[in-house]
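Trainee: Just so it is clear, I am handing over run_33.csv, which has CSV, C-alpha atoms.
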```csv
chain,number,residue,atom,x,y,z
A,82,MET,CA,38.0,148.3,-129.1
A,83,GLY,CA,41.3,146.6,-129.8
A,84,LEU,CA,41.7,148.7,-132.9
A,85,THR,CA,41.2,151.9,-130.9
A,86,ALA,CA,43.6,150.8,-128.2
A,87,ALA,CA,46.2,149.9,-130.9
A,88,PHE,CA,45.7,153.3,-132.5
A,89,TRP,CA,46.2,155.2,-129.3
A,90,ILE,CA,49.2,153.3,-128.2
A,91,MET,CA,50.9,153.8,-131.6
A,92,ALA,CA,49.8,157.5,-131.8
A,93,VAL,CA,51.3,158.2,-128.4
A,94,VAL,CA,54.5,156.3,-129.2
A,95,ALA,CA,54.8,158.1,-132.5
A,96,VAL,CA,54.5,161.5,-130.9
A,97,VAL,CA,56.9,160.7,-128.1
A,98,ALA,CA,59.4,159.3,-130.6
A,99,ALA,CA,59.0,162.4,-132.8
A,100,LEU,CA,59.6,164.6,-129.7
A,101,GLY,CA,62.7,162.5,-129.0
A,102,VAL,CA,64.0,163.2,-132.5
A,103,VAL,CA,63.8,167.0,-131.8
A,104,PHE,CA,65.0,167.0,-128.2
A,105,LEU,CA,67.7,164.3,-127.9
A,106,ARG,CA,71.2,165.8,-127.9
A,107,ASN,CA,72.8,162.7,-129.3
A,108,VAL,CA,72.0,162.6,-133.0
A,109,PHE,CA,72.4,158.8,-133.2
A,110,ARG,CA,69.7,158.3,-130.6
A,111,ALA,CA,67.6,160.9,-132.4
A,112,ALA,CA,68.0,158.8,-135.6
A,113,LEU,CA,66.9,155.6,-133.7
A,114,ALA,CA,63.9,157.6,-132.3
A,115,LEU,CA,63.1,158.5,-135.9
A,116,VAL,CA,63.1,154.8,-136.8
A,117,LEU,CA,60.7,154.1,-134.0
A,118,CYS,CA,58.4,156.9,-135.3
A,119,PHE,CA,58.5,155.4,-138.8
A,120,ILE,CA,57.5,151.9,-137.4
A,121,THR,CA,54.6,153.3,-135.5
A,122,VAL,CA,53.4,155.2,-138.5
A,123,ALA,CA,53.5,151.9,-140.4
A,124,GLY,CA,51.3,150.5,-137.6
A,125,LEU,CA,48.9,153.4,-138.0
A,126,TYR,CA,48.6,152.6,-141.8
A,127,ILE,CA,47.7,149.0,-140.8
A,128,THR,CA,44.9,150.2,-138.6
A,129,LEU,CA,43.6,152.2,-141.6
A,130,SER,CA,43.6,148.9,-143.7
A,131,ALA,CA,46.4,150.2,-145.9
A,132,ASP,CA,48.6,147.1,-145.5
A,133,PHE,CA,50.7,147.5,-148.7
A,134,LEU,CA,51.4,151.1,-147.7
A,135,ALA,CA,52.5,149.8,-144.3
A,136,ALA,CA,54.9,147.3,-145.9
A,137,VAL,CA,56.3,150.1,-148.1
A,138,GLN,CA,56.7,152.3,-145.1
A,139,ILE,CA,58.7,149.5,-143.4
A,140,LEU,CA,60.7,148.7,-146.5
A,141,VAL,CA,61.6,152.2,-147.7
A,142,TYR,CA,61.6,154.3,-144.6
A,143,VAL,CA,62.6,151.9,-141.8
A,144,GLY,CA,64.8,149.9,-144.2
A,145,ALA,CA,66.5,152.4,-146.5
A,146,ILE,CA,66.0,156.0,-145.4
A,147,SER,CA,67.0,155.3,-141.8
A,148,VAL,CA,70.1,153.5,-143.2
A,149,LEU,CA,70.9,156.6,-145.2
A,150,ILE,CA,70.4,158.9,-142.2
A,151,ILE,CA,72.5,156.6,-139.9
A,152,LEU,CA,75.3,156.4,-142.5
A,153,ALA,CA,75.3,160.2,-142.7
A,154,ILE,CA,75.6,160.3,-139.0
A,155,MET,CA,78.5,157.9,-139.1
A,156,MET,CA,80.3,160.4,-141.2
A,157,THR,CA,79.7,163.4,-138.8
A,158,ARG,CA,82.2,164.2,-136.1
A,159,GLU,CA,80.1,165.4,-133.2
A,160,VAL,CA,77.7,162.5,-132.6
A,161,GLN,CA,77.1,162.9,-128.9
A,162,GLN,CA,76.6,166.7,-129.0
A,163,GLY,CA,75.4,166.9,-132.6
A,164,SER,CA,72.1,168.5,-131.9
A,165,PRO,CA,72.6,171.6,-129.6
A,166,SER,CA,69.9,174.1,-129.1
A,167,ASN,CA,70.4,177.5,-130.9
A,168,ARG,CA,68.9,180.8,-131.6
A,169,MET,CA,66.4,179.4,-134.1
A,170,LYS,CA,64.7,177.4,-131.3
A,171,LEU,CA,61.8,179.9,-130.7
A,172,PRO,CA,61.1,180.8,-134.4
A,173,ALA,CA,61.1,177.1,-135.3
A,174,PHE,CA,58.7,176.3,-132.4
A,175,ILE,CA,56.3,179.1,-133.5
A,176,VAL,CA,56.4,177.9,-137.2
A,177,ALA,CA,55.8,174.3,-136.1
A,178,ALA,CA,53.0,175.3,-133.8
A,179,VAL,CA,51.3,177.4,-136.5
A,180,LEU,CA,51.6,174.5,-139.0
A,181,LEU,CA,50.2,172.1,-136.5
A,182,GLY,CA,47.3,174.4,-135.8
A,183,ILE,CA,46.5,174.8,-139.5
A,184,MET,CA,46.6,171.0,-140.0
A,185,ILE,CA,44.3,170.3,-137.0
A,186,TYR,CA,41.9,173.0,-138.2
A,187,THR,CA,41.8,171.7,-141.7
A,188,VAL,CA,41.4,168.1,-140.6
A,189,THR,CA,38.6,168.8,-138.2
A,190,LYS,CA,36.7,171.4,-140.3
A,191,THR,CA,36.8,169.5,-143.6
A,192,SER,CA,33.7,167.5,-144.3
A,193,TRP,CA,35.4,164.3,-145.4
A,194,GLN,CA,33.5,162.0,-147.8
A,195,ILE,CA,33.4,158.5,-146.2
A,196,ALA,CA,32.8,155.6,-148.5
A,197,ALA,CA,30.0,153.3,-147.6
A,198,GLU,CA,32.0,150.2,-148.7
A,199,SER,CA,34.4,148.5,-146.4
A,200,PRO,CA,38.0,148.9,-147.5
A,201,LEU,CA,39.7,146.2,-149.6
A,202,THR,CA,42.0,143.8,-147.7
A,203,PRO,CA,44.6,142.8,-148.7
A,204,THR,CA,45.4,145.7,-150.9
A,205,THR,CA,48.4,144.2,-152.7
A,206,ALA,CA,46.6,142.2,-155.4
A,207,PRO,CA,44.2,145.0,-156.4
A,208,LEU,CA,47.2,147.3,-156.6
A,209,ALA,CA,49.1,144.9,-158.9
A,210,THR,CA,46.0,144.7,-161.2
A,211,LYS,CA,45.7,148.5,-161.2
A,212,LEU,CA,49.4,149.0,-162.0
A,213,PHE,CA,50.4,146.3,-164.3
A,214,SER,CA,47.4,144.9,-166.2
A,215,GLU,CA,46.7,145.9,-169.8
A,216,SER,CA,44.1,148.5,-168.7
A,217,GLY,CA,46.3,149.7,-165.9
A,218,PHE,CA,48.6,152.6,-165.3
A,219,ILE,CA,51.5,151.4,-167.5
A,220,LEU,CA,52.8,154.8,-168.5
A,221,PRO,CA,52.9,156.3,-164.9
A,222,VAL,CA,54.7,153.1,-163.7
A,223,GLU,CA,57.4,153.6,-166.4
A,224,ILE,CA,57.6,157.3,-165.6
A,225,ALA,CA,58.1,156.3,-162.0
A,226,ALA,CA,61.0,154.2,-163.2
A,227,MET,CA,62.4,157.2,-165.0
A,228,LEU,CA,62.1,159.1,-161.7
A,229,ILE,CA,64.1,156.4,-159.8
A,230,LEU,CA,66.7,156.6,-162.6
A,231,ALA,CA,66.9,160.4,-162.3
A,232,ALA,CA,67.3,160.0,-158.5
A,233,ILE,CA,70.2,157.5,-158.9
A,234,LEU,CA,72.0,159.7,-161.5
A,235,GLY,CA,71.4,162.9,-159.5
A,236,ALA,CA,72.5,161.4,-156.2
A,237,ILE,CA,75.7,160.0,-157.8
A,238,VAL,CA,76.5,163.3,-159.6
A,239,ILE,CA,76.0,165.4,-156.5
A,240,ALA,CA,77.7,163.0,-154.1
A,241,ARG,CA,80.8,162.5,-156.3
A,242,GLU,CA,81.8,166.2,-156.2
A,243,LYS,CA,84.8,166.4,-154.0
B,255,MET,CA,43.0,140.2,-141.7
B,256,LEU,CA,43.6,142.8,-139.0
B,257,ALA,CA,43.9,139.9,-136.5
B,258,ASN,CA,47.1,138.8,-138.2
B,259,TYR,CA,48.6,142.2,-137.7
B,260,GLY,CA,47.3,142.1,-134.1
B,261,LEU,CA,49.6,139.1,-133.6
B,262,ILE,CA,52.5,141.2,-134.9
B,263,GLY,CA,51.5,143.9,-132.4
B,264,LEU,CA,51.4,141.3,-129.6
B,265,PHE,CA,54.9,140.1,-130.7
B,266,PHE,CA,56.1,143.7,-130.4
B,267,ILE,CA,54.6,144.1,-127.0
B,268,ILE,CA,56.3,140.8,-125.8
B,269,VAL,CA,59.6,142.0,-127.2
B,270,VAL,CA,59.4,145.3,-125.3
B,271,LEU,CA,58.3,143.5,-122.1
B,272,PHE,CA,61.0,140.9,-122.4
B,273,SER,CA,63.8,143.4,-122.9
B,274,LEU,CA,62.5,145.5,-120.0
B,275,VAL,CA,62.3,142.5,-117.7
B,276,MET,CA,65.8,141.5,-118.6
B,277,VAL,CA,67.1,145.0,-117.7
B,278,VAL,CA,65.0,145.6,-114.6
B,279,THR,CA,65.3,142.1,-112.9
B,280,PRO,CA,69.0,142.5,-111.8
B,281,ILE,CA,68.3,146.1,-110.6
B,282,VAL,CA,65.3,144.9,-108.5
B,283,LEU,CA,67.3,141.9,-107.2
B,284,ARG,CA,70.1,144.2,-106.1
B,285,TYR,CA,67.7,146.7,-104.6
B,286,LEU,CA,66.1,143.8,-102.5
B,287,LYS,CA,69.6,142.8,-101.4
B,288,ILE,CA,69.2,139.3,-102.9
B,289,VAL,CA,72.2,139.8,-105.1
B,290,PRO,CA,75.4,141.1,-103.4
B,291,ASN,CA,76.9,144.3,-104.8
B,292,ASN,CA,80.7,144.3,-104.8
B,293,PRO,CA,81.8,145.7,-108.2
B,294,ASN,CA,85.3,145.3,-109.4
B,295,PRO,CA,86.9,146.3,-112.8
B,296,ILE,CA,86.6,142.8,-114.2
B,297,LYS,CA,82.9,142.6,-113.4
B,298,ASN,CA,82.3,146.0,-114.8
B,299,SER,CA,84.1,145.3,-118.1
B,300,ILE,CA,82.1,144.9,-121.3
B,301,PHE,CA,83.0,141.2,-121.5
B,302,GLU,CA,80.3,140.3,-124.0
B,303,CYS,CA,80.6,143.3,-126.4
B,304,GLY,CA,83.9,142.4,-128.1
B,305,MET,CA,87.1,144.3,-127.8
B,306,GLU,CA,87.4,147.6,-125.9
B,307,THR,CA,88.0,150.4,-128.4
B,308,THR,CA,91.3,152.2,-128.6
B,309,GLY,CA,90.7,156.0,-128.8
B,310,LYS,CA,87.3,157.4,-129.7
B,311,THR,CA,84.5,155.0,-130.4
B,312,TRP,CA,82.6,157.4,-132.7
B,313,VAL,CA,85.0,157.6,-135.6
B,314,GLN,CA,84.2,159.0,-138.9
B,315,PHE,CA,83.4,156.3,-141.4
B,316,ASN,CA,84.5,156.1,-145.0
B,317,PHE,CA,82.6,158.4,-147.3
B,318,HIS,CA,82.2,155.5,-149.8
B,319,TYR,CA,79.5,153.8,-147.7
B,320,TYR,CA,77.1,156.6,-148.7
B,321,PHE,CA,77.0,155.7,-152.4
B,322,TYR,CA,76.0,152.2,-151.5
B,323,ALA,CA,73.2,153.6,-149.3
B,324,LEU,CA,72.0,155.9,-152.1
B,325,VAL,CA,72.0,153.1,-154.7
B,326,PHE,CA,70.3,150.8,-152.2
B,327,LEU,CA,67.6,153.3,-151.6
B,328,ALA,CA,66.8,153.6,-155.3
B,329,ILE,CA,66.7,149.8,-155.8
B,330,ASP,CA,64.5,149.6,-152.7
B,331,VAL,CA,61.9,151.8,-154.3
B,332,LEU,CA,62.1,149.5,-157.4
B,333,VAL,CA,61.3,146.6,-155.1
B,334,VAL,CA,58.1,148.4,-154.1
B,335,PHE,CA,57.0,148.1,-157.7
B,336,LEU,CA,58.2,144.5,-158.2
B,337,TYR,CA,56.5,143.2,-155.0
B,338,PRO,CA,52.8,143.6,-156.0
B,339,TRP,CA,53.6,142.3,-159.5
B,340,ALA,CA,55.3,139.2,-158.1
B,341,THR,CA,52.3,138.3,-155.9
B,342,GLN,CA,50.0,138.4,-158.9
B,343,LEU,CA,52.5,137.0,-161.5
B,344,ARG,CA,50.2,134.2,-162.8
B,345,GLU,CA,47.0,136.3,-163.1
B,346,LEU,CA,48.7,139.3,-164.9
B,347,GLY,CA,50.5,137.2,-167.5
B,348,LEU,CA,53.0,138.0,-170.2
B,349,PHE,CA,52.0,141.6,-170.9
B,350,SER,CA,52.9,142.7,-167.4
B,351,PHE,CA,56.1,140.7,-167.6
B,352,PHE,CA,57.3,143.0,-170.4
B,353,VAL,CA,56.1,146.1,-168.5
B,354,VAL,CA,58.3,145.0,-165.6
B,355,LEU,CA,61.2,144.1,-167.9
B,356,ILE,CA,61.2,147.7,-169.2
B,357,LEU,CA,60.8,149.0,-165.7
B,358,VAL,CA,63.9,147.0,-164.5
B,359,PHE,CA,65.8,148.0,-167.6
B,360,ILE,CA,65.3,151.7,-167.0
B,361,VAL,CA,66.5,151.4,-163.4
B,362,LEU,CA,69.4,149.2,-164.5
B,363,VAL,CA,70.7,152.1,-166.6
B,364,GLY,CA,71.3,154.0,-163.4
B,365,TYR,CA,73.0,151.0,-161.8
B,366,ILE,CA,75.3,150.6,-164.8
B,367,TYR,CA,76.0,154.4,-164.7
B,368,ALA,CA,77.0,154.0,-161.0
B,369,TRP,CA,79.2,151.0,-162.0
B,370,LYS,CA,80.9,152.8,-164.9
B,371,LYS,CA,81.6,155.8,-162.8
B,372,LYS,CA,83.4,153.5,-160.4
B,373,VAL,CA,81.2,154.6,-157.5
B,374,LEU,CA,80.7,151.0,-156.3
B,375,GLU,CA,84.5,150.3,-156.3
B,376,TRP,CA,86.4,150.2,-153.0
B,377,LYS,CA,89.7,152.0,-153.1
```
Spell out the structure here as structure tokens.

Mentor:
Amino acid sequence: MGLTAAFWIMAVVAVVAALGVVFLRNVFRAALALVLCFITVAGLYITLSADFLAAVQILVYVGAISVLIILAIMMTREVQQGSPSNRMKLPAFIVAAVLLGIMIYTVTKTSWQIAAESPLTPTTAPLATKLFSESGFILPVEIAAMLILAAILGAIVIAREK
Amino acid sequence: MLANYGLIGLFFIIVVLFSLVMVVTPIVLRYLKIVPNNPNPIKNSIFECGMETTGKTWVQFNFHYYFYALVFLAIDVLVVFLYPWATQLRELGLFSFFVVLILVFIVLVGYIYAWKKKVLEWK
């Protein structure tokens, strides 16, 4: 009961915040609406018993990616009128509506396999064992580190070009 | 487990309600004519928000902030890997310690690159 109520509150807030990102003229307010959307998505992860994923969502999206977006906005000139409507409004709406339709169709028509076991909580400790123990995914973890390294190098090389 | 998160949700609801009450109470009081309404420039000034800005408030900030944000984002993703390991440090033992050491070393190469390219310097 409480879980359903929490889900619906967060779902409605997430959709309203996402609409705010699209429709707000002031790009800074749009970025703040995006942060709200990220937070409610983290809440939705919690209702799905994915608590580590929710923490990652808060840490990476709310903590870092929103900082990146807001810093990018701090460098733009037209903050108040930064998101005017233009000719691409209608095509973008059609593409978004078609995409939404396809996603709703897929989600509702797929026969999802539902595990009989109740989900693990908390998920952090099992994840640590899966990732770092001797029989765990050592190589993928190190490859992920290479990916982070490539991201740092690429970001610096691209951003330093004057 | 979920009940703990319910407390966080309750906290969020209280935060929203509190800030709404703070904003709405003076408006309601003025509407009910309990509080007199004679504005003047000093009353309307932004007395608790610091200095009034000269010129435009939305200035363009220095480009250099962006490098910090980029490096911060990458290190933040590293923290995502370190956190589950840190919670299970005793159970996982020495083997995972060396795994994490290699992990940190690989990411550190990128940090040293940023350092050597003078990206983190403030000119």

Trainee: Would you mind listing what lies within 9 Å of Ala328 (chain B) as a list of chain:residue names, with all atoms listed in the file counted and same-chain residues fewer than 3 positions away left out?

Mentor: A:Ala145, A:Ile229, A:Leu230, A:Ala232, A:Ile233, B:Ala323, B:Leu324, B:Val325, B:Val331, B:Leu332, B:Val333, B:Val361

Trainee: Let me make sure I understand: among B:Leu261, B:Val334, B:Val358, B:Ile281, which one has the smallest atom-to-atom distance to Val137 (chain A) if we use all atoms listed in the file?

Mentor: B:Val334

Trainee: Using only C-alpha atoms, determine which residues of chain A fall within 7 Å of chain B; present them as a PyMOL selection string.

Mentor: chain A and resi 137+141+145-146+148-149+152+155-158+205-206+208-209+213-215+223+226-227+229-230+233-234+236-237

Trainee: Could you tell me how far CA of Gly304 (chain B) sits from CA of Val289 (chain B), in Å to one decimal place?

Mentor: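 About the pair CA of Val289 (chain B) and CA of Gly304 (chain B): they are 25.9 Å apart.
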
Trainee: Counting only C-alpha atoms, which of A:Ile239, A:Ala136, A:Val222, A:Ala111 gets nearest to Leu355 (chain B)?

Mentor: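 Among the listed residues, A:Val222 lies closest to Leu355 (chain B).
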
Trainee: Quick one: pull the distance between CA of Gly309 (chain B) and CA of Ile154 (chain A), Å, one decimal.

Mentor: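 According to the coordinates, CA of Gly309 (chain B) and CA of Ile154 (chain A) are separated by 18.7 Å.
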
Trainee: Mind listing whatever residues come within 10 Å of the point (43.4, 156.3, -135.1)? Use only C-alpha atoms, file coordinates, and give them as a list in words.

Mentor: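 Those residues lying close to the given coordinates are Leu84, Thr85, Ala86, Ala87, Phe88, Trp89, Ile90, Met91, Ala92, Leu125, Tyr126, Thr128 and Leu129 of chain A.
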
Trainee: Quick one: pull the distance between CA of Leu180 (chain A) and CA of Arg106 (chain A), Å, one decimal.

Mentor: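 Separation of CA of Leu180 (chain A) and CA of Arg106 (chain A): 24.1 Å.
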
Trainee: Considering all atoms listed in the file, can you say which of A:Lys211, A:Arg110, A:Lys190, A:Arg168 comes closest to Ile150 (chain A)?

Mentor: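 Closest residue, counting all atoms listed in the file: A:Arg110.
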
Trainee: I'd like the contact shell of Val143 (chain A) - 7 Å cut-off, only C-alpha atoms, skipping same-chain residues fewer than 5 positions apart - returned as a list in words.

Mentor: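 Selected residues are Val116, Phe119, Ile120 and Gln138 of chain A.
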
Trainee: Dump C-alpha atoms for the selected residues as a tab-separated table (two decimals), keeping the file's coordinate frame?

Mentor:
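Result went into selection_12.tsv, see below:
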```tsv
chain	number	residue	atom	x	y	z
A	116	VAL	CA	63.10	154.80	-136.80
A	119	PHE	CA	58.50	155.40	-138.80
A	120	ILE	CA	57.50	151.90	-137.40
A	138	GLN	CA	56.70	152.30	-145.10
```
